[in-house]
Amino acid sequence: MKPTARSIAAALVLALCALPTPGWGFSTVSATNVGNVATLTANLNFSLVVPRFLLLRVGSIGVIDSISFNPTAAQVGTGAVIAGTGGDLGGGAVTVLAQGNSTGTGSLVYQTTTAALTDGTQTIAWSTIQVASAGSATIAHPAALSNASATPVTISSGLAGVFNLSATWTYSWSDGGTVNPASSYSGRVAYSLSQP
Amino acid sequence: MKLKTQTKTLAVALGAAFALQGLSTNALAESTGNITNTTPGTTAATAHVDFVVVIPKFLSLRVGTGSLAAASATIDSITFTEVATDVGSNNVITGSALTVAAAGNSSGAAKITYTTTDAAGAALAALSDGTNTIPWSTIKVANGGVIAHPAALANAAGTTVATFAAGVFNSSDTWTYTFQDGGTVYAASAGTGYLGRVAYSLTQP
């Protein structure tokens, strides 16, 4: 029997849909051809598999933001609050997004990768960096960073089930009245979101 | 007509097939970025922020009116007034006490020096009323032990007052100025009295 256009089409649908497509598939497809009348029936079953998903964004996507504080000479040792520069929102502010959908209770923590901001020789305490939070109170940042190189510091420990939280963290700096040696000090903070 | 129907049927079939493939691709798109997904077990996502604090070189000296960081144009004036019975007696004539503060954050060792001048900044060997003079050494200086000052002034041009350890320093003290004539009877001053200025300077390499 010579194949008809519809039977060719049915075969094509079957072939393309046989490609690996997680979570999707056709149940049955059948065609009968009686005389000059071809009858094609198809049934489609759907199943959707939502994978475990966890996302943490702090600042720009795909880029580690660098936030700088540049006090003037007149501000050294005065305890003046110095606004930052940089961050995806500018002015030392970053976008924060935490999303997850597992069943366990997740937590958001941070850990400084060095004991203090350092120029390689001299140091400035992490606690000189303050953080103001806006948006979701669940992921409000502690008011100041701490010298947390040994153990992670918890920001939030009650992220149960499905959550989708956003906030803005704005970093500033103050020497607290201490005169620090002239130099450029740097350091990195690693944020981690986990959910069982 | 038949060809048109066949073409339409194929187009619908292709469209349906690619549409279903497209759904599967979109479902994966959000899993890119700052995420690691270990299955089974705890999922974890990480993000980082870098910080840089730039501290500029800073040097501040306050003697009298002013503050550590803000510049002040005020020059304090200390007046010693002998009464007739003090003349030639070597009595201690009280002047004033001044706050002294010095701070810096460079790497070298800082020091305070002073130079005696007139009101215009020219070197001045002694206090003068324009005609007569009184030696600078009649002015005594007491300190609180933090920032030392020589016990008496002298005809000076860059004389060292105090030194500080290398690196960051932030010290304050009080210098108290008095006058003693040393038993000498000086000429009654003309005009506004015997005048002179001391210019203090703080340097750090």
# chains A, B, ... in the order shown; residues from 1 in each chain; ligands from 1
$ select_by_dssp --residues "chain A" --states "strand (DSSP E or B)" --output "ChimeraX atom specification"
/A:24,28-34,37-43,46,54-58,65-69,82-83,85,90,93-100,105-112,117-118,123-124,129-135,144,153-160,163-173,183-195
$ interface_residues --of "chain A" --to "chain B" --cutoff "7 Å" --atoms "only C-alpha atoms" --output "VMD selection string"
chain A and resid 5 to 6 9 13 16 to 17 21 to 22 54 to 58 61 to 62 64 to 76 179 to 196
$ closest_residue --among "A:Ser102, A:Asn147, A:Thr121, A:Ser47" --to "Gly161 (chain A)" --atoms "only C-alpha atoms"
A:Ser102
$ residues_around --residues "Pro150 (chain B)" --least-positions-apart "3" --cutoff "10 Å" --atoms "only C-alpha atoms" --output "compact mmCIF listing (two decimals) with all heavy atoms, in the first residue's frame"
# COMPACT_ATOMS: atom_id res chain seq x y z
N LYS B 140 58.03 78.44 79.04
CA LYS B 140 58.18 77.03 79.42
C LYS B 140 56.96 76.25 78.92
O LYS B 140 55.85 76.81 78.80
CB LYS B 140 58.27 76.88 80.94
CG LYS B 140 59.17 77.91 81.64
CD LYS B 140 60.61 77.84 81.18
CE LYS B 140 61.45 78.89 81.94
NZ LYS B 140 62.86 78.95 81.43
N VAL B 141 57.18 74.97 78.68
CA VAL B 141 56.10 74.13 78.16
C VAL B 141 56.06 72.82 78.96
O VAL B 141 57.07 72.10 79.04
CB VAL B 141 56.28 73.81 76.67
CG1 VAL B 141 55.03 73.11 76.12
CG2 VAL B 141 56.59 75.06 75.87
N ALA B 142 54.91 72.53 79.53
CA ALA B 142 54.70 71.24 80.20
C ALA B 142 53.80 70.37 79.32
O ALA B 142 52.95 70.88 78.58
CB ALA B 142 54.04 71.46 81.55
N ASN B 143 54.00 69.06 79.37
CA ASN B 143 53.16 68.16 78.57
C ASN B 143 52.65 67.02 79.43
O ASN B 143 53.12 66.81 80.56
CB ASN B 143 53.93 67.63 77.35
CG ASN B 143 55.11 66.76 77.77
OD1 ASN B 143 54.93 65.61 78.10
ND2 ASN B 143 56.32 67.34 77.77
N LEU B 153 60.93 76.82 75.19
CA LEU B 153 61.15 77.16 73.77
C LEU B 153 62.57 77.67 73.58
O LEU B 153 63.28 77.99 74.55
CB LEU B 153 60.13 78.22 73.33
CG LEU B 153 58.66 77.78 73.32
CD1 LEU B 153 57.75 78.95 72.93
CD2 LEU B 153 58.46 76.62 72.33
N ALA B 154 62.97 77.74 72.34
CA ALA B 154 64.29 78.26 72.01
C ALA B 154 64.18 78.94 70.66
O ALA B 154 63.19 78.79 69.94
CB ALA B 154 65.31 77.12 71.94
N THR B 159 63.40 72.73 64.94
CA THR B 159 63.79 71.94 66.10
C THR B 159 62.76 70.83 66.36
O THR B 159 61.55 71.07 66.32
CB THR B 159 63.88 72.85 67.34
OG1 THR B 159 64.90 73.83 67.12
CG2 THR B 159 64.23 72.05 68.58
N THR B 160 63.27 69.64 66.60
CA THR B 160 62.37 68.50 66.83
C THR B 160 61.69 68.60 68.19
O THR B 160 62.34 68.83 69.21
CB THR B 160 63.14 67.17 66.74
OG1 THR B 160 63.65 67.03 65.41
CG2 THR B 160 62.24 65.99 67.05
N VAL B 161 60.41 68.44 68.17
CA VAL B 161 59.60 68.45 69.40
C VAL B 161 59.37 67.02 69.87
O VAL B 161 59.60 66.67 71.01
CB VAL B 161 58.26 69.15 69.15
CG1 VAL B 161 57.37 69.04 70.38
CG2 VAL B 161 58.49 70.60 68.77
N ALA B 162 58.84 66.17 68.97
CA ALA B 162 58.48 64.80 69.34
C ALA B 162 58.61 63.91 68.12
O ALA B 162 58.50 64.38 66.98
CB ALA B 162 57.05 64.76 69.88
$ select_by_dssp --residues "region 127-177 of chain A" --states "helix (DSSP H, G or I)" --output "VMD selection string"
chain A and resid 127 to 128 137 to 139
$ write_last_selection --atoms "N, CA, C and O atoms" --output "PDB file, in the first residue's frame"
ATOM      1  N   SER A 127      34.314  43.611  60.133  1.00  0.00           N
ATOM      2  CA  SER A 127      33.191  44.267  60.806  1.00  0.00           C
ATOM      3  C   SER A 127      33.095  45.754  60.476  1.00  0.00           C
ATOM      4  O   SER A 127      32.128  46.403  60.857  1.00  0.00           O
ATOM      5  N   THR A 128      34.079  46.293  59.769  1.00  0.00           N
ATOM      6  CA  THR A 128      33.987  47.688  59.340  1.00  0.00           C
ATOM      7  C   THR A 128      33.008  47.849  58.173  1.00  0.00           C
ATOM      8  O   THR A 128      32.670  48.976  57.822  1.00  0.00           O
ATOM      9  N   ALA A 137      12.325  40.325  54.571  1.00  0.00           N
ATOM     10  CA  ALA A 137      12.946  40.301  55.901  1.00  0.00           C
ATOM     11  C   ALA A 137      13.530  38.934  56.214  1.00  0.00           C
ATOM     12  O   ALA A 137      14.411  38.812  57.057  1.00  0.00           O
ATOM     13  N   THR A 138      13.049  37.915  55.504  1.00  0.00           N
ATOM     14  CA  THR A 138      13.544  36.562  55.755  1.00  0.00           C
ATOM     15  C   THR A 138      15.026  36.436  55.419  1.00  0.00           C
ATOM     16  O   THR A 138      15.748  35.670  56.045  1.00  0.00           O
ATOM     17  N   ILE A 139      15.453  37.179  54.435  1.00  0.00           N
ATOM     18  CA  ILE A 139      16.857  37.110  54.046  1.00  0.00           C
ATOM     19  C   ILE A 139      17.553  38.437  54.336  1.00  0.00           C
ATOM     20  O   ILE A 139      18.465  38.841  53.618  1.00  0.00           O
TER      21      ILE A 139
END
$ closest_residue --among "A:Val153, A:Ala132, A:Leu89, A:Ala125" --to "Asp175 (chain A)" --atoms "only C-alpha atoms"
A:Ala125
$ closest_residue --among "A:Ala150, A:Val96, A:Leu159, A:Ile82" --to "Gly176 (chain A)" --atoms "only C-alpha atoms"
A:Ile82
$ closest_residue --among "A:Ser174, A:Thr95, A:Asn43, A:Ser156" --to "Leu108 (chain A)" --atoms "only C-alpha atoms"
A:Ser156
$ residues_around --residues "Asn91 (chain B)" --least-positions-apart "2" --cutoff "8 Å" --atoms "only C-alpha atoms" --output "list in words"
Asp86, Ser89, Ile93, Gln180 and Asp181 of chain B
$ write_last_selection --atoms "N, CA, C and O atoms" --output "PDB file, in the first residue's frame"
ATOM      1  N   ASP B  86      55.693  90.988  89.802  1.00  0.00           N
ATOM      2  CA  ASP B  86      56.277  89.803  89.169  1.00  0.00           C
ATOM      3  C   ASP B  86      57.590  90.130  88.464  1.00  0.00           C
ATOM      4  O   ASP B  86      58.401  89.243  88.187  1.00  0.00           O
ATOM      5  N   SER B  89      61.072  88.669  89.275  1.00  0.00           N
ATOM      6  CA  SER B  89      60.892  87.756  90.406  1.00  0.00           C
ATOM      7  C   SER B  89      61.037  86.285  90.014  1.00  0.00           C
ATOM      8  O   SER B  89      61.063  85.410  90.867  1.00  0.00           O
ATOM      9  N   ILE B  93      54.310  82.742  85.423  1.00  0.00           N
ATOM     10  CA  ILE B  93      53.140  83.461  84.912  1.00  0.00           C
ATOM     11  C   ILE B  93      52.337  82.500  84.048  1.00  0.00           C
ATOM     12  O   ILE B  93      52.827  81.975  83.040  1.00  0.00           O
ATOM     13  N   GLN B 180      58.435  82.684  82.573  1.00  0.00           N
ATOM     14  CA  GLN B 180      59.277  83.043  83.716  1.00  0.00           C
ATOM     15  C   GLN B 180      60.399  83.951  83.208  1.00  0.00           C
ATOM     16  O   GLN B 180      61.065  83.618  82.219  1.00  0.00           O
ATOM     17  N   ASP B 181      60.583  85.065  83.922  1.00  0.00           N
ATOM     18  CA  ASP B 181      61.617  86.018  83.454  1.00  0.00           C
ATOM     19  C   ASP B 181      63.011  85.639  83.925  1.00  0.00           C
ATOM     20  O   ASP B 181      63.994  86.294  83.590  1.00  0.00           O
TER      21      ASP B 181
END
$ residues_around --residues "Val87 (chain B)" --least-positions-apart "2" --cutoff "12 Å" --atoms "only C-alpha atoms" --output "MDAnalysis selection string"
chainID B and resid 81:85 89:93 179:188
$ write_last_selection --atoms "all heavy atoms" --output "compact mmCIF listing (two decimals), in the first residue's frame"
# COMPACT_ATOMS: atom_id res chain seq x y z
N THR B 81 50.89 87.96 81.28
CA THR B 81 50.84 89.32 81.81
C THR B 81 51.47 89.36 83.20
O THR B 81 50.93 88.76 84.14
CB THR B 81 49.39 89.82 81.88
OG1 THR B 81 48.80 89.74 80.58
CG2 THR B 81 49.36 91.27 82.36
N GLU B 82 52.62 89.99 83.27
CA GLU B 82 53.24 90.19 84.59
C GLU B 82 52.64 91.41 85.25
O GLU B 82 52.42 92.44 84.58
CB GLU B 82 54.75 90.39 84.44
CG GLU B 82 55.54 89.12 84.19
CD GLU B 82 57.04 89.38 84.29
OE1 GLU B 82 57.48 90.46 83.85
OE2 GLU B 82 57.75 88.51 84.81
N VAL B 83 52.41 91.30 86.53
CA VAL B 83 52.09 92.51 87.28
C VAL B 83 53.41 93.07 87.79
O VAL B 83 54.46 92.44 87.70
CB VAL B 83 51.13 92.20 88.46
CG1 VAL B 83 49.81 91.68 87.91
CG2 VAL B 83 51.76 91.21 89.42
N ALA B 84 53.37 94.25 88.31
CA ALA B 84 54.61 94.94 88.71
C ALA B 84 55.42 94.12 89.69
O ALA B 84 56.66 94.07 89.63
CB ALA B 84 54.27 96.30 89.32
N THR B 85 54.71 93.39 90.58
CA THR B 85 55.46 92.63 91.59
C THR B 85 56.08 91.36 91.02
O THR B 85 56.90 90.72 91.67
CB THR B 85 54.53 92.24 92.76
OG1 THR B 85 53.39 91.56 92.23
CG2 THR B 85 54.08 93.49 93.50
N SER B 89 61.07 88.67 89.27
CA SER B 89 60.89 87.76 90.41
C SER B 89 61.04 86.29 90.01
O SER B 89 61.06 85.41 90.87
CB SER B 89 59.51 87.97 91.02
OG SER B 89 58.51 87.53 90.10
N ASN B 90 61.05 86.03 88.72
CA ASN B 90 61.02 84.65 88.17
C ASN B 90 59.75 83.90 88.57
O ASN B 90 59.71 82.68 88.56
CB ASN B 90 62.25 83.85 88.62
CG ASN B 90 62.45 82.60 87.73
OD1 ASN B 90 62.16 82.64 86.54
ND2 ASN B 90 62.95 81.52 88.32
N ASN B 91 58.72 84.65 88.93
CA ASN B 91 57.44 84.00 89.20
C ASN B 91 56.94 83.30 87.93
O ASN B 91 57.18 83.74 86.80
CB ASN B 91 56.40 85.03 89.65
CG ASN B 91 56.65 85.51 91.06
OD1 ASN B 91 57.39 84.88 91.81
ND2 ASN B 91 56.05 86.63 91.43
N VAL B 92 56.19 82.22 88.16
CA VAL B 92 55.59 81.52 87.03
C VAL B 92 54.31 82.24 86.63
O VAL B 92 53.38 82.35 87.44
CB VAL B 92 55.28 80.05 87.39
CG1 VAL B 92 54.56 79.36 86.22
CG2 VAL B 92 56.56 79.31 87.74
N ILE B 93 54.31 82.74 85.42
CA ILE B 93 53.14 83.46 84.91
C ILE B 93 52.34 82.50 84.05
O ILE B 93 52.83 81.97 83.04
CB ILE B 93 53.56 84.69 84.09
CG1 ILE B 93 54.54 85.55 84.88
CG2 ILE B 93 52.33 85.47 83.65
CD1 ILE B 93 54.02 86.03 86.23
N PHE B 179 55.26 81.43 81.60
CA PHE B 179 56.37 82.38 81.37
C PHE B 179 57.12 82.62 82.67
O PHE B 179 56.50 82.73 83.74
CB PHE B 179 55.82 83.71 80.83
CG PHE B 179 56.83 84.81 80.76
CD1 PHE B 179 57.69 84.93 79.67
CD2 PHE B 179 56.94 85.75 81.79
CE1 PHE B 179 58.64 85.95 79.61
CE2 PHE B 179 57.89 86.78 81.73
CZ PHE B 179 58.74 86.87 80.64
N GLN B 180 58.44 82.68 82.57
CA GLN B 180 59.28 83.04 83.72
C GLN B 180 60.40 83.95 83.21
O GLN B 180 61.06 83.62 82.22
CB GLN B 180 59.89 81.79 84.36
CG GLN B 180 58.88 80.93 85.12
CD GLN B 180 59.52 79.71 85.73
OE1 GLN B 180 59.50 78.63 85.14
NE2 GLN B 180 60.09 79.89 86.92
N ASP B 181 60.58 85.07 83.92
CA ASP B 181 61.62 86.02 83.45
C ASP B 181 63.01 85.64 83.93
O ASP B 181 63.99 86.29 83.59
CB ASP B 181 61.26 87.45 83.86
CG ASP B 181 61.17 87.64 85.38
OD1 ASP B 181 61.70 86.79 86.12
OD2 ASP B 181 60.54 88.62 85.80
N GLY B 182 63.10 84.57 84.75
CA GLY B 182 64.42 84.11 85.18
C GLY B 182 65.14 85.10 86.09
O GLY B 182 66.36 85.04 86.22
N GLY B 183 64.37 86.01 86.69
CA GLY B 183 64.98 87.00 87.57
C GLY B 183 65.47 88.23 86.83
O GLY B 183 66.00 89.16 87.43
N THR B 184 65.25 88.25 85.57
CA THR B 184 65.69 89.39 84.76
C THR B 184 64.58 90.43 84.69
O THR B 184 63.41 90.09 84.51
CB THR B 184 66.04 88.93 83.33
OG1 THR B 184 67.08 87.96 83.41
CG2 THR B 184 66.47 90.11 82.46
N VAL B 185 64.97 91.67 84.80
CA VAL B 185 64.00 92.76 84.63
C VAL B 185 64.06 93.21 83.17
O VAL B 185 65.08 93.72 82.71
CB VAL B 185 64.31 93.94 85.57
CG1 VAL B 185 63.35 95.10 85.30
CG2 VAL B 185 64.25 93.52 87.03
N TYR B 186 62.98 92.92 82.48
CA TYR B 186 62.92 93.30 81.06
C TYR B 186 62.23 94.66 80.93
O TYR B 186 61.42 95.05 81.78
CB TYR B 186 62.17 92.25 80.25
CG TYR B 186 62.93 90.93 80.15
CD1 TYR B 186 62.55 89.85 80.91
CD2 TYR B 186 64.03 90.82 79.30
CE1 TYR B 186 63.25 88.65 80.83
CE2 TYR B 186 64.74 89.62 79.23
CZ TYR B 186 64.35 88.55 79.99
OH TYR B 186 65.05 87.38 79.93
N ALA B 187 62.56 95.31 79.88
CA ALA B 187 62.01 96.64 79.62
C ALA B 187 60.50 96.54 79.46
O ALA B 187 59.98 95.59 78.85
CB ALA B 187 62.65 97.25 78.38
N ALA B 188 59.82 97.51 80.03
CA ALA B 188 58.38 97.58 79.82
C ALA B 188 58.11 97.63 78.33
O ALA B 188 58.74 98.40 77.59
CB ALA B 188 57.79 98.80 80.53
$ atom_distance --atom1 "CA of Ala199 (chain B)" --atom2 "CA of Val146 (chain B)"
19.9 Å
$ residues_around --residues "Ser166 (chain A)" --least-positions-apart "5" --cutoff "7 Å" --atoms "only C-alpha atoms" --output "list in words"
Val96, Leu97, Ala98, Gly135 and Ser136 of chain A
$ closest_residue --among "B:Ala157, B:Ile78, B:Leu202, B:Ala148" --to "Lys111 (chain B)" --atoms "only C-alpha atoms"
B:Leu202
$ residues_around --residues "Gly108 (chain B)" --least-positions-apart "6" --cutoff "10 Å" --atoms "only C-alpha atoms" --output "number ranges by chain"
B: 164-168, 203-205
